[in-house]
Structure formats: C-alpha cells, structure tokens
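**Student:** Please find start.txt (compact mmCIF, C-alpha atoms) on the next line:
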# COMPACT_ATOMS: atom_id res chain seq x y z
CA MET A 1 5.60 28.51 33.68
CA THR A 2 2.50 26.37 33.12
CA THR A 3 -1.08 27.46 32.86
CA PRO A 4 -3.66 25.30 34.67
CA GLY A 5 -6.00 23.51 32.31
CA VAL A 6 -3.78 24.12 29.25
CA SER A 7 -2.02 21.18 27.61
CA HIS A 8 1.71 21.74 27.05
CA GLU A 9 3.56 19.60 24.53
CA THR A 10 6.95 18.24 25.39
CA MET A 11 9.83 19.19 23.11
CA THR A 12 9.66 15.70 21.58
CA GLU A 13 5.96 16.11 20.83
CA GLN A 14 6.50 19.56 19.33
CA VAL A 15 9.30 18.45 17.02
CA ALA A 16 7.43 15.28 16.01
CA ARG A 17 4.32 17.34 15.19
CA LEU A 18 6.34 19.89 13.20
CA ILE A 19 8.11 17.16 11.22
CA ARG A 20 4.81 15.39 10.47
CA ASN A 21 3.35 18.67 9.22
CA GLU A 22 6.41 19.33 7.05
CA ILE A 23 6.30 15.81 5.60
CA HIS A 24 2.61 16.19 4.76
CA ALA A 25 3.28 19.67 3.28
CA GLY A 26 5.87 18.12 0.95
CA MET A 27 8.84 19.94 2.47
CA TRP A 28 10.79 16.68 2.76
CA ARG A 29 11.50 14.43 -0.22
CA ASP A 30 11.78 10.67 -0.01
CA GLY A 31 15.36 9.74 0.80
CA ASP A 32 15.98 12.88 2.86
CA VAL A 33 17.39 12.41 6.33
CA LEU A 34 15.34 14.33 8.86
CA PRO A 35 18.12 16.02 10.83
CA SER A 36 15.95 17.60 13.49
CA THR A 37 14.52 14.17 14.32
CA ARG A 38 18.00 12.67 14.45
CA GLU A 39 19.26 15.48 16.64
CA LEU A 40 16.22 15.13 18.86
CA ALA A 41 16.90 11.41 19.24
CA GLU A 42 20.53 12.05 20.15
CA ARG A 43 19.75 14.86 22.63
CA ASN A 44 16.85 13.21 24.39
CA GLY A 45 17.86 9.57 24.24
CA VAL A 46 14.91 8.56 22.06
CA ARG A 47 15.83 4.96 21.77
CA THR A 48 14.48 4.15 18.35
CA ALA A 49 15.03 5.89 15.05
CA LEU A 50 13.32 4.22 12.10
CA SER A 51 13.89 4.03 8.39
CA PHE A 52 11.65 2.16 6.04
CA SER A 53 11.12 1.53 2.38
CA ASP A 54 7.92 0.87 0.55
CA PRO A 55 6.87 1.06 -3.09
CA GLY A 56 5.41 4.42 -4.09
CA ILE A 57 2.16 2.70 -5.07
CA VAL A 58 1.39 2.22 -1.38
CA ALA A 59 2.89 5.46 -0.12
CA HIS A 60 -0.30 6.09 1.87
CA PHE A 61 0.55 3.03 3.98
CA ARG A 62 4.10 4.28 4.49
CA ASP A 63 2.93 7.79 5.42
CA GLY A 64 0.35 6.37 7.84
CA LEU A 65 3.03 4.22 9.42
CA ALA A 66 5.34 7.24 9.72
CA ASP A 67 2.54 9.20 11.37
CA MET A 68 1.86 6.36 13.83
CA ILE A 69 5.55 6.05 14.70
CA GLY A 70 5.79 9.81 15.17
CA ARG A 71 3.04 9.68 17.78
CA GLU A 72 4.93 7.20 19.95
CA SER A 73 6.93 8.88 22.71
CA ASP A 74 9.91 6.52 22.38
CA LEU A 75 9.98 6.10 18.58
CA CYS A 76 10.80 8.52 15.80
CA VAL A 77 11.15 8.39 12.02
CA SER A 78 14.69 9.11 10.90
CA GLY A 79 14.11 8.82 7.16
CA LEU A 80 11.82 7.75 4.34
CA ALA A 81 12.70 5.92 1.13
CA ASP A 82 10.74 4.57 -1.83
CA CYS A 83 13.40 2.25 -3.21
CA CYS A 84 16.60 0.38 -2.39
CA ALA A 85 18.92 3.09 -3.71
CA GLN A 86 17.24 5.81 -1.62
CA ALA A 87 17.28 3.57 1.43
CA VAL A 88 21.05 3.01 1.15
CA ARG A 89 21.69 6.76 0.72
CA MET A 90 19.47 7.41 3.72
CA LEU A 91 21.32 4.84 5.83
CA ASP A 92 24.65 6.43 4.90
CA GLY A 93 23.49 9.85 6.05
CA GLY A 94 21.78 9.31 9.38
CA VAL A 95 21.39 7.60 12.71
CA HIS A 96 19.09 4.59 12.53
CA ASP A 97 18.34 1.68 14.83
CA VAL A 98 15.70 -0.15 12.78
CA MET A 99 14.97 -0.47 9.08
CA LEU A 100 11.42 -1.43 8.19
CA THR A 101 11.25 -2.61 4.59
CA ASP A 102 8.85 -4.19 2.17
CA LEU A 103 10.02 -7.07 0.01
CA GLY A 104 8.82 -5.71 -3.33
CA LEU A 105 10.64 -2.46 -4.11
CA PRO A 106 10.62 -0.64 -7.46
CA ASP A 107 14.38 -0.88 -8.10
CA GLY A 108 15.12 -4.29 -6.62
CA SER A 109 14.27 -6.83 -4.03
CA GLY A 110 13.83 -5.94 -0.39
CA LEU A 111 15.88 -9.09 0.23
CA ASP A 112 18.90 -7.39 -1.38
CA LEU A 113 18.36 -4.38 0.88
CA ILE A 114 18.16 -6.66 3.93
CA ARG A 115 21.42 -8.37 2.90
CA THR A 116 23.10 -4.97 2.47
CA VAL A 117 21.92 -3.75 5.88
CA HIS A 118 22.95 -7.03 7.52
CA ARG A 119 26.42 -6.92 5.92
CA GLU A 120 27.25 -3.18 5.97
CA TYR A 121 25.17 -1.61 8.76
CA THR A 122 25.62 -4.09 11.58
CA GLY A 123 24.06 -1.89 14.26
CA ILE A 124 20.71 -1.68 12.46
CA GLU A 125 17.96 -4.24 13.00
CA THR A 126 15.87 -5.06 9.91
CA MET A 127 12.19 -5.93 10.05
CA VAL A 128 10.07 -6.77 7.03
CA ILE A 129 6.57 -5.35 6.79
CA THR A 130 4.77 -6.78 3.78
CA VAL A 131 1.68 -8.54 2.39
CA PHE A 132 3.61 -11.77 1.70
CA GLY A 133 3.01 -14.14 4.60
CA ASP A 134 3.88 -17.48 3.02
CA GLU A 135 6.71 -19.66 4.26
CA SER A 136 9.01 -19.08 1.28
CA HIS A 137 8.97 -15.28 1.67
CA VAL A 138 9.41 -15.45 5.45
CA MET A 139 12.30 -17.90 5.23
CA ALA A 140 14.02 -15.93 2.44
CA ALA A 141 13.84 -12.74 4.55
CA ILE A 142 15.21 -14.47 7.65
CA GLU A 143 18.01 -16.08 5.63
CA ALA A 144 18.87 -12.62 4.21
CA GLY A 145 19.26 -11.26 7.75
CA ALA A 146 15.84 -9.93 8.79
CA THR A 147 15.25 -10.20 12.52
CA GLY A 148 11.50 -9.54 12.37
CA TYR A 149 8.65 -10.14 9.92
CA LEU A 150 5.25 -8.44 10.05
CA LEU A 151 2.26 -8.45 7.78
CA LYS A 152 0.73 -5.13 6.79
CA ASP A 153 -2.58 -6.05 8.40
CA GLY A 154 -1.17 -5.47 11.90
CA SER A 155 -2.58 -2.65 14.01
CA PRO A 156 -0.43 0.42 14.70
CA SER A 157 -0.04 -0.63 18.33
CA TYR A 158 1.11 -4.10 17.21
CA VAL A 159 3.71 -2.59 14.87
CA ALA A 160 4.98 -0.26 17.62
CA ALA A 161 5.15 -3.12 20.14
CA SER A 162 6.98 -5.26 17.56
CA ILE A 163 9.59 -2.54 17.00
CA ARG A 164 10.14 -2.30 20.74
CA GLY A 165 10.33 -6.10 21.00
CA LEU A 166 12.89 -6.20 18.19
CA LEU A 167 15.11 -3.69 20.00
CA ALA A 168 14.72 -5.65 23.24
CA GLY A 169 16.27 -8.69 21.54
CA GLY A 170 13.12 -10.39 20.27
CA SER A 171 12.23 -11.47 16.74
CA PRO A 172 8.62 -10.48 16.14
CA ILE A 173 6.81 -12.52 13.50
CA SER A 174 3.14 -12.06 12.64
CA PRO A 175 1.17 -15.07 13.87
CA ALA A 176 -0.20 -15.80 10.38
CA SER A 177 3.38 -16.02 9.07
CA ALA A 178 4.66 -18.07 11.99
CA ARG A 179 2.06 -20.85 11.60
CA PRO A 180 3.31 -22.18 8.23
CA MET A 181 6.89 -22.15 9.51
CA LEU A 182 5.94 -24.10 12.64
CA ARG A 183 4.15 -26.72 10.53
CA ARG A 184 7.52 -27.65 9.03
CA PHE A 185 8.43 -29.26 12.34
CA VAL A 186 5.30 -31.34 12.95
Give the structure from the file, written as structure tokens.
**Tutor:**
Amino acid sequence: MTTPGVSHETMTEQVARLIRNEIHAGMWRDGDVLPSTRELAERNGVRTALSFSDPGIVAHFRDGLADMIGRESDLCVSGLADCCAQAVRMLDGGVHDVMLTDLGLPDGSGLDLIRTVHREYTGIETMVITVFGDESHVMAAIEAGATGYLLKDGSPSYVAASIRGLLAGGSPISPASARPMLRRFV
C-alpha cells in the first residue's frame, strides 16, 4: 500500500542505500565481495556489477565513484579493492561485468591486472580510470586488453554513460586521451 505524497524507495534503492551506509560506516573491508549487491543484481537483472581498484592514497575518489555508481538505477558496485591482489581475490569471489582500474596500484601495475582479467576472466570488460592521459599509457592499456580508458576528471554522469557504452559494445576513451592517439595517423 502506498501513501500519497510519501516517497517510496524501490528494493534496489533501499539495498544500494544500505550498502553505501555500511561501506561508509566501515562494515565492509576493501576486497570484500558485497553479497547482497550481487544477489540483488542476479534477482533483479541489474545489468552492471562493477569492481574497481585504486591506490589507497586516493580512496576518497574511489569512494565517491562507488557512491555515484550506487545511485544509478542500472549500475551497482560488486566489490572494492585497493591493490592487484585484492582485486584478483574479489574477482574470484563474485559476479562482475566491468572492472574499473587505475594504472598505478600499490602492489603492481594496473596493466598486469588488466592482462590477468583479459586472460582469466573473459566475461569481464576492463576500463581504466586514471590521471595518465598520454599516448604511451593509453596504448599500453589497450594492448594489455583494456576496452575503455577514462581520465579522472570526467563527471559522474560521463563515467556512468561510459560504463553503459562499454557494455553496449563501445570503447569509451576520454577526448583528451583520444586526441594524441589520433595524431599518430595524420
């Protein structure tokens, strides 16, 4: 039964809000798989579950990104990791469609993580989100198996649209990163 004039959250919104609150309250550690999010995705056909890695030094960026993703009705966060080793453990223990990763990780290169995902987790798309926009970093990520490349200066709506575009078969690349690559051919 609904009450006129009262906003009612959908089950997806309720679970996403509860998970965000638990993450902010420290109830989940980095590397943990968020089972209620995974179960929610499986039950309700939420098309995109996300995993991403980022150095602890910029955890505020990662947490903000997780919050933004959690607010999208068709996206959810399926895990958080601060390093390559945590990311691999997380991938082994959950359902993921996309892995967002930085290139500079505390225990190794994001390129190694991309290669691992490309080789061992063939159903997962990998998109880089980083501050490195030069041609050499972009090309190295693409050669490692990344199918998208974003700079961290993108708006939350741009990141969300890029994730959707990636899952629709596109290869989103930030315009500032695409320009140097295109200059190779002129």
**Student:** With all atoms listed in the file as the counted atoms, please give the residues lying no more than 9 Å from Arg164 in chain A, apart from itself and same-chain residues fewer than 5 positions off, as a list in words.
**Tutor:**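 Here the qualifying residues turn out to be Thr48, Asp74, Leu75, Val159, Gly169 and Gly170 of chain A.
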**Student:** Using 6 Å of padding on each side, determine the axis-aligned box around all atoms of range 165-183 of chain A present in the file and give its centre and edge lengths in Å to one decimal, as AutoDock Vina command-line options.
**Tutor:**
--center_x 8.0 --center_y -15.2 --center_z 15.7 --size_x 28.5 --size_y 35.0 --size_z 27.0
**Student:** Let me make sure I understand: among A:Gly123, A:Gly94, A:Pro156, A:Pro106, which one has the smallest atom-to-atom distance to Ala66 in chain A if we use all atoms listed in the file?
**Tutor:** A:Pro156
**Student:** Using all atoms listed in the file, pick whichever of A:Met181, A:Gly104, A:Tyr121, A:Val98 has the shortest atom-to-atom distance to Gly165 in chain A.
**Tutor:** A:Val98
**Student:** For Gly108 in chain A, which residue among A:Gln86, A:Ser155, A:Thr122, A:Ser171 is the nearest when counting all atoms listed in the file?
**Tutor:**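 Among A:Gln86, A:Ser155, A:Thr122, A:Ser171, it is A:Gln86 that comes nearest to Gly108 in chain A.
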**Student:** If you measure from CA of Leu182 in chain A to CA of Ser109 in chain A, what distance in Å do you get, rounded to one decimal?
**Tutor:**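 Result for CA of Leu182 in chain A versus CA of Ser109 in chain A: 25.4 Å, one decimal.
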**Student:** With all atoms listed in the file as the atoms that count, which of A:His137, A:His96, A:Lys152, A:Arg119 lies nearest to Ser174 in chain A?
**Tutor:**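 Residue with the minimum atom-to-atom distance to Ser174 in chain A: A:Lys152.
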**Student:** One decimal, Å: what's the distance from CA of Val95 in chain A over to CA of Ile142 in chain A, could you say?
**Tutor:**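 Between CA of Val95 in chain A and CA of Ile142 in chain A the gap works out to 23.5 Å.
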**Student:** For each of A:Ala160, A:Ala140, A:Ala178, A:Ala146, take the minimum atom-to-atom distance to Cys76 in chain A, counting only C-alpha atoms, then give the residue where this is smallest.
**Tutor:**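 Smallest distance to Cys76 in chain A is found for A:Ala160.
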**Student:** As a ChimeraX atom specification, please: the residues near Ala144 in chain A (cut-off 9 Å, only C-alpha atoms, same-chain neighbours under 6 positions excluded).
**Tutor:** /A:111-116,118
**Student:** So, counting only C-alpha atoms, which residue among A:Leu103, A:Leu80, A:Ile124, A:Pro175 is closest to Leu65 in chain A?
**Tutor:**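 Of all the options, A:Leu80 lies closest to Leu65 in chain A.
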**Student:** In Å to one decimal, how far is CA of Ala176 in chain A from CA of Leu100 in chain A?
**Tutor:**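 A separation of 18.6 Å between them.
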